[in-house]
file target00.txt (compact mmCIF, C-alpha atoms and all ligand atoms)
# COMPACT_ATOMS: atom_id res chain seq x y z
CA MET A 454 -90.38 64.19 -217.49
CA ILE A 455 -89.78 67.26 -219.65
CA VAL A 456 -90.27 66.50 -223.36
CA PRO A 457 -88.88 69.32 -225.52
CA ILE A 458 -90.74 69.80 -228.79
CA ASN A 459 -87.90 70.64 -231.14
CA HIS A 460 -89.76 69.84 -234.33
CA PRO A 461 -88.72 72.48 -236.92
CA ILE A 462 -92.31 73.30 -237.87
CA ALA A 463 -93.22 73.83 -234.22
CA GLN A 464 -90.21 76.07 -233.70
CA ALA A 465 -91.09 78.15 -236.76
CA LYS A 466 -94.66 78.57 -235.45
CA LEU A 467 -93.30 79.60 -232.05
CA SER A 468 -91.42 82.44 -233.72
CA ILE A 469 -94.71 83.68 -235.19
CA LEU A 470 -96.24 83.63 -231.71
CA ARG A 471 -93.32 85.48 -230.18
CA ASN A 472 -93.36 88.25 -232.80
CA LYS A 473 -95.00 91.38 -231.34
CA ASP A 474 -96.40 92.27 -234.80
CA THR A 475 -98.35 89.02 -235.20
CA SER A 476 -102.08 89.79 -235.39
CA PRO A 477 -104.56 88.00 -233.07
CA ASP A 478 -105.90 86.18 -236.12
CA LEU A 479 -102.48 84.77 -237.07
CA PHE A 480 -101.70 84.13 -233.40
CA ARG A 481 -104.86 82.00 -233.03
CA LYS A 482 -104.18 80.20 -236.30
CA SER A 483 -100.60 79.40 -235.26
CA LEU A 484 -101.76 78.13 -231.86
CA GLU A 485 -104.34 75.94 -233.56
CA GLU A 486 -101.68 74.56 -235.92
CA LEU A 487 -99.43 73.88 -232.96
CA SER A 488 -102.24 72.00 -231.24
CA TYR A 489 -101.90 69.29 -233.92
CA ILE A 490 -98.22 68.91 -233.12
CA PHE A 491 -99.04 68.61 -229.41
CA VAL A 492 -101.55 65.87 -230.17
CA PHE A 493 -98.94 63.90 -232.10
CA TYR A 494 -96.46 64.17 -229.24
CA CYS A 495 -99.00 63.42 -226.50
CA PHE A 496 -100.39 60.34 -228.23
CA GLU A 497 -97.16 58.98 -229.65
CA LYS A 498 -97.03 56.18 -227.09
CA ALA A 499 -100.78 55.84 -226.49
CA GLU A 500 -101.96 52.30 -225.89
CA LEU A 501 -104.16 50.77 -228.55
CA GLU A 502 -106.59 47.89 -228.52
CA THR A 503 -107.44 45.81 -231.51
CA VAL A 504 -110.81 45.78 -233.23
CA THR A 505 -112.07 43.82 -236.17
CA ILE A 506 -113.20 45.81 -239.19
CA GLN A 507 -115.03 44.66 -242.26
CA THR A 508 -113.45 46.19 -245.37
CA PRO A 509 -115.36 45.97 -248.68
CA LEU A 510 -113.28 42.84 -249.39
CA ASP A 511 -112.55 41.05 -246.13
CA GLU A 512 -112.09 41.30 -242.41
CA ALA A 513 -109.12 43.33 -241.23
CA MET A 514 -107.58 44.04 -237.88
CA GLY A 515 -107.88 47.65 -236.80
CA PHE A 516 -107.06 49.69 -233.73
CA LYS A 517 -108.62 52.16 -231.37
CA LEU A 518 -107.29 54.13 -228.42
CA LYS A 519 -107.46 51.97 -225.32
CA GLU A 520 -107.57 54.60 -222.58
CA LYS A 521 -110.11 57.30 -221.83
CA TYR A 522 -108.82 60.84 -222.29
CA ILE A 523 -109.83 64.16 -220.86
CA VAL A 524 -108.30 67.39 -222.15
CA ILE A 525 -108.39 70.33 -219.77
CA PRO A 526 -107.72 73.82 -221.14
CA ILE A 527 -106.96 76.30 -218.38
CA LEU A 528 -109.01 79.41 -219.12
CA ARG A 529 -108.47 81.53 -221.08
CA ALA A 530 -105.28 80.91 -222.99
CA GLY A 531 -105.53 77.10 -222.91
CA LEU A 532 -108.51 77.29 -225.29
CA GLY A 533 -106.14 78.21 -228.11
CA LEU A 534 -104.55 74.75 -227.97
CA LEU A 535 -107.84 72.83 -227.86
CA PRO A 536 -108.87 72.47 -231.55
CA ALA A 537 -106.74 69.48 -232.61
CA PHE A 538 -107.65 67.49 -229.52
CA THR A 539 -111.37 67.57 -230.27
CA LYS A 540 -110.88 67.19 -234.03
CA LEU A 541 -108.49 64.22 -233.96
CA ILE A 542 -109.95 62.46 -230.91
CA PRO A 543 -113.69 63.09 -231.31
CA ASP A 544 -114.71 61.19 -228.19
CA ILE A 545 -112.28 63.02 -225.91
CA ILE A 546 -113.93 64.72 -222.93
CA VAL A 547 -113.24 68.42 -222.42
CA GLY A 548 -112.94 69.51 -218.80
CA ILE A 549 -112.55 73.16 -217.88
CA ILE A 550 -110.56 74.84 -215.14
CA GLY A 551 -110.84 78.62 -214.78
CA LEU A 552 -108.01 80.25 -212.87
CA SER A 553 -107.27 83.93 -212.60
CA ARG A 554 -104.02 85.41 -211.36
CA ASP A 555 -103.94 88.06 -208.66
CA GLU A 556 -101.85 90.85 -210.19
CA ASN A 557 -100.11 91.61 -206.92
CA THR A 558 -99.49 88.25 -205.31
CA LEU A 559 -99.46 86.33 -208.64
CA GLU A 560 -101.40 83.60 -206.78
CA PRO A 561 -104.10 81.74 -208.75
CA THR A 562 -107.78 81.89 -207.78
CA GLN A 563 -110.04 79.10 -208.96
CA TYR A 564 -113.25 80.66 -210.33
CA TYR A 565 -114.68 77.86 -212.43
CA THR A 566 -114.33 74.08 -212.64
CA ASN A 567 -116.26 71.64 -214.77
CA LEU A 568 -114.80 68.17 -214.44
CA PRO A 569 -116.08 64.67 -213.66
CA SER A 570 -115.77 64.09 -209.89
CA ASP A 571 -113.85 60.83 -210.37
CA LEU A 572 -111.00 60.92 -212.88
CA SER A 573 -109.38 57.64 -211.86
CA ASP A 574 -110.07 56.06 -215.28
CA PHE A 575 -108.76 58.97 -217.33
CA VAL A 576 -105.54 60.19 -218.82
CA GLY A 577 -105.62 63.97 -218.31
CA ILE A 578 -104.03 66.42 -220.74
CA ILE A 579 -103.72 69.94 -219.36
CA LEU A 580 -103.40 72.81 -221.84
CA GLU A 581 -101.48 75.67 -220.25
CA PRO A 582 -99.60 77.65 -222.93
CA MET A 583 -97.48 79.68 -220.50
CA ILE A 584 -95.91 78.26 -217.32
CA ALA A 585 -94.59 81.35 -215.54
CA THR A 586 -94.57 81.23 -211.72
CA GLY A 587 -96.13 77.79 -212.01
CA GLY A 588 -99.00 78.75 -209.69
CA SER A 589 -101.81 77.93 -212.12
CA ILE A 590 -100.41 74.66 -213.34
CA ASN A 591 -99.71 73.54 -209.76
CA LYS A 592 -103.30 74.35 -208.86
CA ALA A 593 -104.67 72.50 -211.89
CA ILE A 594 -102.56 69.42 -211.11
CA GLU A 595 -103.77 69.55 -207.50
CA ILE A 596 -107.40 69.66 -208.66
CA LEU A 597 -106.90 66.62 -210.90
CA ILE A 598 -105.06 64.65 -208.21
CA GLN A 599 -107.90 65.38 -205.74
CA ARG A 600 -110.15 63.72 -208.32
CA LYS A 601 -107.89 60.66 -208.33
CA ILE A 602 -106.36 61.01 -211.77
CA GLN A 603 -103.47 58.60 -212.34
CA LYS A 604 -101.85 59.91 -215.53
CA ILE A 605 -101.25 63.54 -216.52
CA LYS A 606 -99.64 65.24 -219.50
CA VAL A 607 -99.13 68.99 -219.77
CA CYS A 608 -98.88 70.93 -223.05
CA SER A 609 -97.11 74.24 -222.83
CA ILE A 610 -95.67 76.64 -225.39
CA ILE A 611 -93.19 78.43 -223.14
CA ALA A 612 -92.13 77.60 -219.60
CA TYR A 613 -90.00 79.63 -217.24
CA GLU A 614 -86.90 77.57 -216.54
CA LYS A 615 -86.97 77.56 -212.72
CA SER A 616 -90.69 76.72 -212.61
CA ILE A 617 -90.52 73.81 -215.04
CA ILE A 618 -87.52 72.32 -213.27
CA LYS A 619 -89.39 72.48 -209.97
CA LEU A 620 -92.59 71.06 -211.43
CA ASN A 621 -90.65 68.20 -212.94
CA GLU A 622 -89.05 67.45 -209.58
CA ASN A 623 -92.36 67.65 -207.71
CA PHE A 624 -94.33 65.61 -210.25
CA PRO A 625 -91.96 63.07 -211.81
CA PHE A 626 -94.91 61.04 -213.12
CA ILE A 627 -96.14 63.91 -215.33
CA GLU A 628 -94.97 64.47 -218.92
CA PHE A 629 -94.40 68.17 -219.67
CA PHE A 630 -94.36 68.87 -223.42
CA VAL A 631 -92.77 72.28 -224.04
CA LEU A 632 -91.63 74.22 -227.09
CA SER A 633 -89.30 76.55 -225.25
CA ILE A 634 -87.82 77.03 -221.81
CA ASP A 635 -87.12 80.72 -221.24
CA LYS A 636 -84.72 82.01 -218.63
CA SER A 637 -86.43 85.01 -217.03
CA LEU A 638 -89.58 86.26 -215.38
CA ASN A 639 -90.30 89.96 -214.89
CA SER A 640 -91.77 91.63 -211.81
CA GLN A 641 -95.31 91.25 -213.20
CA GLY A 642 -94.84 87.50 -213.60
CA TYR A 643 -94.44 87.56 -217.39
CA ILE A 644 -91.96 85.26 -219.05
CA VAL A 645 -89.08 87.06 -220.80
CA PRO A 646 -88.53 86.99 -223.72
CA GLY A 647 -91.77 84.97 -223.81
CA LEU A 648 -94.56 86.14 -226.09
CA GLY A 649 -96.54 88.49 -223.87
CA ASP A 650 -99.95 87.65 -222.46
CA ALA A 651 -101.10 84.55 -224.35
CA GLY A 652 -104.78 85.11 -223.46
CA ASP A 653 -104.75 88.73 -224.60
CA ARG A 654 -102.91 87.91 -227.80
CA THR A 655 -105.28 85.03 -228.58
CA PHE A 656 -108.44 87.03 -227.95
CA GLY A 657 -107.23 90.44 -229.10
CA THR A 658 -107.62 92.06 -225.68
CA LEU A 659 -104.16 93.53 -225.42
CA VAL A 660 -103.77 95.54 -222.25
CA ASN A 661 -101.02 96.70 -219.99
CA CYS A 662 -98.20 94.21 -220.40
CA GLN A 663 -97.03 95.47 -223.80
CA ALA A 664 -94.89 98.37 -222.77
CA ASP A 665 -92.89 96.06 -220.59
CA LEU A 666 -92.67 93.06 -222.85
CA ILE A 667 -94.23 92.99 -226.26
CA GLY A 668 -93.47 96.54 -227.19
CA LYS A 669 -89.84 96.79 -226.22
N1 LIG B 1 -99.12 84.20 -218.79
C1 LIG B 1 -98.93 84.66 -220.04
O1 LIG B 1 -99.86 84.68 -220.83
N2 LIG B 1 -97.72 85.13 -220.37
C2 LIG B 1 -96.68 85.11 -219.54
O2 LIG B 1 -95.59 85.53 -219.92
C3 LIG B 1 -96.90 84.61 -218.24
C4 LIG B 1 -98.12 84.16 -217.88
call {"tool": "encode", "arguments": {"input": "target00.txt", "output": "structure tokens", "more": "lines below"}}
Ligand code: URA
result
Amino acid sequence: MIVPINHPIAQAKLSILRNKDTSPDLFRKSLEELSYIFVFYCFEKAELETVTIQTPLDEAMGFKLKEKYIVIPILRAGLGLLPAFTKLIPDIIVGIIGLSRDENTLEPTQYYTNLPSDLSDFVGIILEPMIATGGSINKAIEILIQRKIQKIKVCSIIAYEKSIIKLNENFPFIEFFVLSIDKSLNSQGYIVPGLGDAGDRTFGTLVNCQADLIGK
């Protein structure tokens, strides 16, 4: 299921991310702020269990999250969306998947994975800010399914239209939370209009995609 995040504050933050003149510092800050909005969307229907709490005056019924959660940022850009997940859900587990994209074939190569071997008890939340060809997110989903995960959510800032439609068809059990669905992909595999290279803009390592995208 594709869940569009149309919240006005999220859309205003997205415009900051898209702007080619936004500094890495403001880019990171805006991503971090957006991570809170993603948490609210992802956990809106989370199951709760009841607990009994002693207030200073009496016993009260309270709640805690029922399921176990693992958040998985895909390196590097996914790290930008991590802060709210660890701040608001302190006992969440952070798994890591490192994927790099071959510049010619655009195929993902898995260079690092740090995940529990059995994820059957977990709800997995993948952080992948840009879904372009869909290669990386497909690979990440495959890795989680191999580890027997049953429930997956994906948080993405911008997705290329054709890729997100296909992902949604292939994985109807996954919730894809997205701020924008953009219509084009260029020959280098960058989303247009997009926001450029999310990893480079987050970490200030701007390289060769600007002439084509950010700088036009
Ligand atoms: N990755 C990015 O960071 N940006 C794109 O436009 C596509 C993939």
call {"tool": "residues_around", "arguments": {"input": "target00.txt", "residues": "Ile611 (chain A)", "least_positions_apart": "5", "cutoff": "10 Å", "atoms": "all atoms listed in the file", "output": "MDAnalysis selection string"}}
result
chainID A and resid 467 471 581:585 617 630:635 644:648
call {"tool": "write_last_selection", "arguments": {"input": "target00.txt", "atoms": "C-alpha atoms", "output": "JSON list (two decimals), in the coordinates of the input"}}
result
[["chain", "number", "residue", "atom", "x", "y", "z"],
["A", 467, "LEU", "CA", -93.30, 79.60, -232.05],
["A", 471, "ARG", "CA", -93.32, 85.48, -230.18],
["A", 581, "GLU", "CA", -101.48, 75.67, -220.25],
["A", 582, "PRO", "CA", -99.60, 77.65, -222.93],
["A", 583, "MET", "CA", -97.48, 79.68, -220.50],
["A", 584, "ILE", "CA", -95.91, 78.26, -217.32],
["A", 585, "ALA", "CA", -94.59, 81.35, -215.54],
["A", 617, "ILE", "CA", -90.52, 73.81, -215.04],
["A", 630, "PHE", "CA", -94.36, 68.87, -223.42],
["A", 631, "VAL", "CA", -92.77, 72.28, -224.04],
["A", 632, "LEU", "CA", -91.63, 74.22, -227.09],
["A", 633, "SER", "CA", -89.30, 76.55, -225.25],
["A", 634, "ILE", "CA", -87.82, 77.03, -221.81],
["A", 635, "ASP", "CA", -87.12, 80.72, -221.24],
["A", 644, "ILE", "CA", -91.96, 85.26, -219.05],
["A", 645, "VAL", "CA", -89.08, 87.06, -220.80],
["A", 646, "PRO", "CA", -88.53, 86.99, -223.72],
["A", 647, "GLY", "CA", -91.77, 84.97, -223.81],
["A", 648, "LEU", "CA", -94.56, 86.14, -226.09]]
call {"tool": "closest_residue", "arguments": {"input": "target00.txt", "among": "A:Ala499, A:Ile618, A:Ile545, A:Ile578", "to": "Lys604 (chain A)", "atoms": "all atoms listed in the file"}}
result
A:Ile578
call {"tool": "atom_distance", "arguments": {"input": "target00.txt", "atom1": "CA of Ser488 (chain A)", "atom2": "CA of Asp555 (chain A)"}}
result
27.8 Å
call {"tool": "closest_residue", "arguments": {"input": "target00.txt", "among": "A:Glu502, A:Ile602, A:Gly587, A:Asp653", "to": "Leu559 (chain A)", "atoms": "only C-alpha atoms"}}
result
A:Gly587
call {"tool": "residues_around", "arguments": {"input": "target00.txt", "residues": "region 639-643 of chain A", "least_positions_apart": "5", "cutoff": "8 Å", "atoms": "only C-alpha atoms", "output": "PDB file with C-alpha atoms, in the frame of the given file"}}
result
ATOM      1  CA  GLU A 556    -101.850  90.850-210.190  1.00  0.00           C
ATOM      2  CA  ASN A 557    -100.110  91.610-206.920  1.00  0.00           C
ATOM      3  CA  LEU A 559     -99.460  86.330-208.640  1.00  0.00           C
ATOM      4  CA  ALA A 585     -94.590  81.350-215.540  1.00  0.00           C
ATOM      5  CA  THR A 586     -94.570  81.230-211.720  1.00  0.00           C
ATOM      6  CA  GLY A 649     -96.540  88.490-223.870  1.00  0.00           C
ATOM      7  CA  ASP A 650     -99.950  87.650-222.460  1.00  0.00           C
ATOM      8  CA  LEU A 666     -92.670  93.060-222.850  1.00  0.00           C
TER       9      LEU A 666
END
call {"tool": "residues_around", "arguments": {"input": "target00.txt", "residues": "Met454 (chain A)", "least_positions_apart": "2", "cutoff": "10 Å", "atoms": "all atoms listed in the file", "output": "list in words"}}
result
Val456, Pro457, Lys606, Ile617, Ile618, Leu620, Asn621, Glu622, Phe624, Pro625, Phe626, Ile627, Glu628, Phe629 and Phe630 of chain A
call {"tool": "residues_around", "arguments": {"input": "target00.txt", "residues": "region 534-538 of chain A", "least_positions_apart": "6", "cutoff": "7 Å", "atoms": "all atoms listed in the file", "output": "list in words"}}
result
Leu484, Glu485, Ser488, Tyr489, Val492, Pro526 and Leu580 of chain A
call {"tool": "closest_residue", "arguments": {"input": "target00.txt", "among": "A:Asn459, A:Asn591, A:Gln599, A:Gln507", "to": "Thr562 (chain A)", "atoms": "only C-alpha atoms"}}
result
A:Asn591
call {"tool": "closest_residue", "arguments": {"input": "target00.txt", "among": "A:Ala651, A:Leu510, A:Ile579, A:Thr658", "to": "Cys495 (chain A)", "atoms": "all atoms listed in the file"}}
result
A:Ile579
call {"tool": "closest_residue", "arguments": {"input": "target00.txt", "among": "A:Lys521, A:Arg529, A:Lys473, A:Arg600", "to": "ligand LIG 1 (chain B)", "atoms": "only C-alpha atoms and all ligand atoms"}}
result
A:Arg529
call {"tool": "closest_residue", "arguments": {"input": "target00.txt", "among": "A:Thr558, A:Gln603, A:Ser553, A:Asn623", "to": "ligand LIG 1 (chain B)", "atoms": "only C-alpha atoms and all ligand atoms"}}
result
A:Ser553
call {"tool": "atom_distance", "arguments": {"input": "target00.txt", "atom1": "CA of Cys608 (chain A)", "atom2": "CA of Tyr494 (chain A)"}}
result
9.5 Å
call {"tool": "axis_aligned_box", "arguments": {"input": "target00.txt", "around": "region 562-576 of chain A", "padding_each_side": "6 Å", "output": "lines of an AutoDock Vina configuration file"}}
result
center_x = -110.9
center_y = 69.0
center_z = -213.3
size_x = 22.7
size_y = 37.8
size_z = 23.0
call {"tool": "atom_distance", "arguments": {"input": "target00.txt", "atom1": "CA of Glu595 (chain A)", "atom2": "CA of Phe656 (chain A)"}}
result
27.3 Å
call {"tool": "residues_around", "arguments": {"input": "target00.txt", "residues": "Gly657 (chain A)", "least_positions_apart": "4", "cutoff": "12 Å", "atoms": "only C-alpha atoms", "output": "ChimeraX atom specification"}}
result
/A:475-481,530,650-653
call {"tool": "decode", "arguments": {"input": "target00.txt", "residues": "region 495-508 of chain A", "atoms": "all heavy atoms", "output": "PDB file, in the first residue's frame"}}
result
ATOM      1  N   CYS A 495       4.158   5.972  10.646  1.00  0.00           N
ATOM      2  CA  CYS A 495       4.456   4.534  10.749  1.00  0.00           C
ATOM      3  C   CYS A 495       3.784   3.882  11.954  1.00  0.00           C
ATOM      4  O   CYS A 495       3.434   2.711  11.905  1.00  0.00           O
ATOM      5  CB  CYS A 495       5.957   4.298  10.900  1.00  0.00           C
ATOM      6  SG  CYS A 495       6.879   4.463   9.413  1.00  0.00           S
ATOM      7  N   PHE A 496       3.656   4.644  13.036  1.00  0.00           N
ATOM      8  CA  PHE A 496       3.161   4.044  14.282  1.00  0.00           C
ATOM      9  C   PHE A 496       1.699   4.389  14.550  1.00  0.00           C
ATOM     10  O   PHE A 496       1.183   4.072  15.613  1.00  0.00           O
ATOM     11  CB  PHE A 496       4.043   4.466  15.469  1.00  0.00           C
ATOM     12  CG  PHE A 496       5.358   3.745  15.480  1.00  0.00           C
ATOM     13  CD1 PHE A 496       6.410   4.195  14.701  1.00  0.00           C
ATOM     14  CD2 PHE A 496       5.542   2.586  16.232  1.00  0.00           C
ATOM     15  CE1 PHE A 496       7.622   3.518  14.672  1.00  0.00           C
ATOM     16  CE2 PHE A 496       6.745   1.906  16.212  1.00  0.00           C
ATOM     17  CZ  PHE A 496       7.794   2.368  15.431  1.00  0.00           C
ATOM     18  N   GLU A 497       1.056   5.010  13.571  1.00  0.00           N
ATOM     19  CA  GLU A 497      -0.315   5.459  13.814  1.00  0.00           C
ATOM     20  C   GLU A 497      -1.229   4.302  14.215  1.00  0.00           C
ATOM     21  O   GLU A 497      -2.092   4.447  15.070  1.00  0.00           O
ATOM     22  CB  GLU A 497      -0.853   6.144  12.551  1.00  0.00           C
ATOM     23  CG  GLU A 497      -2.027   7.029  12.870  1.00  0.00           C
ATOM     24  CD  GLU A 497      -2.572   7.713  11.625  1.00  0.00           C
ATOM     25  OE1 GLU A 497      -2.060   7.436  10.524  1.00  0.00           O
ATOM     26  OE2 GLU A 497      -3.516   8.492  11.797  1.00  0.00           O
ATOM     27  N   LYS A 498      -1.004   3.140  13.589  1.00  0.00           N
ATOM     28  CA  LYS A 498      -1.903   2.013  13.884  1.00  0.00           C
ATOM     29  C   LYS A 498      -1.179   0.926  14.669  1.00  0.00           C
ATOM     30  O   LYS A 498      -1.586  -0.238  14.659  1.00  0.00           O
ATOM     31  CB  LYS A 498      -2.431   1.440  12.575  1.00  0.00           C
ATOM     32  CG  LYS A 498      -3.304   2.448  11.845  1.00  0.00           C
ATOM     33  CD  LYS A 498      -3.938   1.859  10.614  1.00  0.00           C
ATOM     34  CE  LYS A 498      -4.635   2.969   9.849  1.00  0.00           C
ATOM     35  NZ  LYS A 498      -4.332   2.957   8.426  1.00  0.00           N
ATOM     36  N   ALA A 499      -0.092   1.285  15.328  1.00  0.00           N
ATOM     37  CA  ALA A 499       0.689   0.277  16.070  1.00  0.00           C
ATOM     38  C   ALA A 499      -0.153  -0.329  17.190  1.00  0.00           C
ATOM     39  O   ALA A 499      -0.924   0.370  17.846  1.00  0.00           O
ATOM     40  CB  ALA A 499       1.938   0.936  16.661  1.00  0.00           C
ATOM     41  N   GLU A 500       0.028  -1.632  17.366  1.00  0.00           N
ATOM     42  CA  GLU A 500      -0.722  -2.301  18.439  1.00  0.00           C
ATOM     43  C   GLU A 500      -0.108  -1.970  19.783  1.00  0.00           C
ATOM     44  O   GLU A 500       1.124  -1.879  19.917  1.00  0.00           O
ATOM     45  CB  GLU A 500      -0.674  -3.811  18.226  1.00  0.00           C
ATOM     46  CG  GLU A 500      -1.530  -4.261  17.067  1.00  0.00           C
ATOM     47  CD  GLU A 500      -1.489  -5.771  16.919  1.00  0.00           C
ATOM     48  OE1 GLU A 500      -1.719  -6.465  17.927  1.00  0.00           O
ATOM     49  OE2 GLU A 500      -1.200  -6.227  15.807  1.00  0.00           O
ATOM     50  N   LEU A 501      -0.989  -1.818  20.767  1.00  0.00           N
ATOM     51  CA  LEU A 501      -0.532  -1.507  22.130  1.00  0.00           C
ATOM     52  C   LEU A 501      -0.935  -2.641  23.063  1.00  0.00           C
ATOM     53  O   LEU A 501      -1.901  -3.357  22.806  1.00  0.00           O
ATOM     54  CB  LEU A 501      -1.196  -0.215  22.620  1.00  0.00           C
ATOM     55  CG  LEU A 501      -0.790   1.071  21.917  1.00  0.00           C
ATOM     56  CD1 LEU A 501      -1.680   2.220  22.368  1.00  0.00           C
ATOM     57  CD2 LEU A 501       0.678   1.407  22.209  1.00  0.00           C
ATOM     58  N   GLU A 502      -0.187  -2.776  24.144  1.00  0.00           N
ATOM     59  CA  GLU A 502      -0.679  -3.645  25.221  1.00  0.00           C
ATOM     60  C   GLU A 502      -0.787  -2.811  26.493  1.00  0.00           C
ATOM     61  O   GLU A 502      -0.102  -1.791  26.640  1.00  0.00           O
ATOM     62  CB  GLU A 502       0.207  -4.877  25.406  1.00  0.00           C
ATOM     63  CG  GLU A 502       1.608  -4.613  25.793  1.00  0.00           C
ATOM     64  CD  GLU A 502       2.428  -5.906  25.777  1.00  0.00           C
ATOM     65  OE1 GLU A 502       2.053  -6.876  25.099  1.00  0.00           O
ATOM     66  OE2 GLU A 502       3.459  -5.910  26.456  1.00  0.00           O
ATOM     67  N   THR A 503      -1.648  -3.270  27.358  1.00  0.00           N
ATOM     68  CA  THR A 503      -1.881  -2.466  28.562  1.00  0.00           C
ATOM     69  C   THR A 503      -0.882  -2.829  29.653  1.00  0.00           C
ATOM     70  O   THR A 503      -0.427  -3.968  29.752  1.00  0.00           O
ATOM     71  CB  THR A 503      -3.319  -2.661  29.088  1.00  0.00           C
ATOM     72  OG1 THR A 503      -3.534  -4.050  29.245  1.00  0.00           O
ATOM     73  CG2 THR A 503      -4.344  -2.073  28.154  1.00  0.00           C
ATOM     74  N   VAL A 504      -0.564  -1.825  30.440  1.00  0.00           N
ATOM     75  CA  VAL A 504       0.305  -2.033  31.611  1.00  0.00           C
ATOM     76  C   VAL A 504      -0.319  -1.252  32.774  1.00  0.00           C
ATOM     77  O   VAL A 504      -1.075  -0.306  32.551  1.00  0.00           O
ATOM     78  CB  VAL A 504       1.748  -1.514  31.381  1.00  0.00           C
ATOM     79  CG1 VAL A 504       2.514  -2.391  30.430  1.00  0.00           C
ATOM     80  CG2 VAL A 504       1.760  -0.078  30.876  1.00  0.00           C
ATOM     81  N   THR A 505       0.002  -1.677  33.960  1.00  0.00           N
ATOM     82  CA  THR A 505      -0.517  -0.950  35.109  1.00  0.00           C
ATOM     83  C   THR A 505       0.580  -0.046  35.652  1.00  0.00           C
ATOM     84  O   THR A 505       1.719  -0.467  35.820  1.00  0.00           O
ATOM     85  CB  THR A 505      -0.971  -1.942  36.204  1.00  0.00           C
ATOM     86  OG1 THR A 505      -1.914  -2.818  35.613  1.00  0.00           O
ATOM     87  CG2 THR A 505      -1.597  -1.223  37.377  1.00  0.00           C
ATOM     88  N   ILE A 506       0.217   1.205  35.900  1.00  0.00           N
ATOM     89  CA  ILE A 506       1.196   2.188  36.374  1.00  0.00           C
ATOM     90  C   ILE A 506       0.705   2.741  37.694  1.00  0.00           C
ATOM     91  O   ILE A 506      -0.502   2.932  37.892  1.00  0.00           O
ATOM     92  CB  ILE A 506       1.292   3.361  35.383  1.00  0.00           C
ATOM     93  CG1 ILE A 506       1.678   2.857  33.994  1.00  0.00           C
ATOM     94  CG2 ILE A 506       2.300   4.402  35.836  1.00  0.00           C
ATOM     95  CD1 ILE A 506       1.393   3.862  32.937  1.00  0.00           C
ATOM     96  N   GLN A 507       1.663   2.983  38.569  1.00  0.00           N
ATOM     97  CA  GLN A 507       1.316   3.618  39.842  1.00  0.00           C
ATOM     98  C   GLN A 507       1.565   5.119  39.697  1.00  0.00           C
ATOM     99  O   GLN A 507       2.715   5.541  39.528  1.00  0.00           O
ATOM    100  CB  GLN A 507       2.196   3.010  40.954  1.00  0.00           C
ATOM    101  CG  GLN A 507       1.795   3.401  42.348  1.00  0.00           C
ATOM    102  CD  GLN A 507       0.411   2.870  42.745  1.00  0.00           C
ATOM    103  OE1 GLN A 507       0.110   1.708  42.541  1.00  0.00           O
ATOM    104  NE2 GLN A 507      -0.413   3.750  43.289  1.00  0.00           N
ATOM    105  N   THR A 508       0.528   5.918  39.715  1.00  0.00           N
ATOM    106  CA  THR A 508       0.734   7.375  39.729  1.00  0.00           C
ATOM    107  C   THR A 508       0.986   7.784  41.187  1.00  0.00           C
ATOM    108  O   THR A 508       0.846   6.954  42.096  1.00  0.00           O
ATOM    109  CB  THR A 508      -0.505   8.144  39.195  1.00  0.00           C
ATOM    110  OG1 THR A 508      -1.488   8.188  40.226  1.00  0.00           O
ATOM    111  CG2 THR A 508      -1.052   7.515  37.941  1.00  0.00           C
TER     112      THR A 508
END
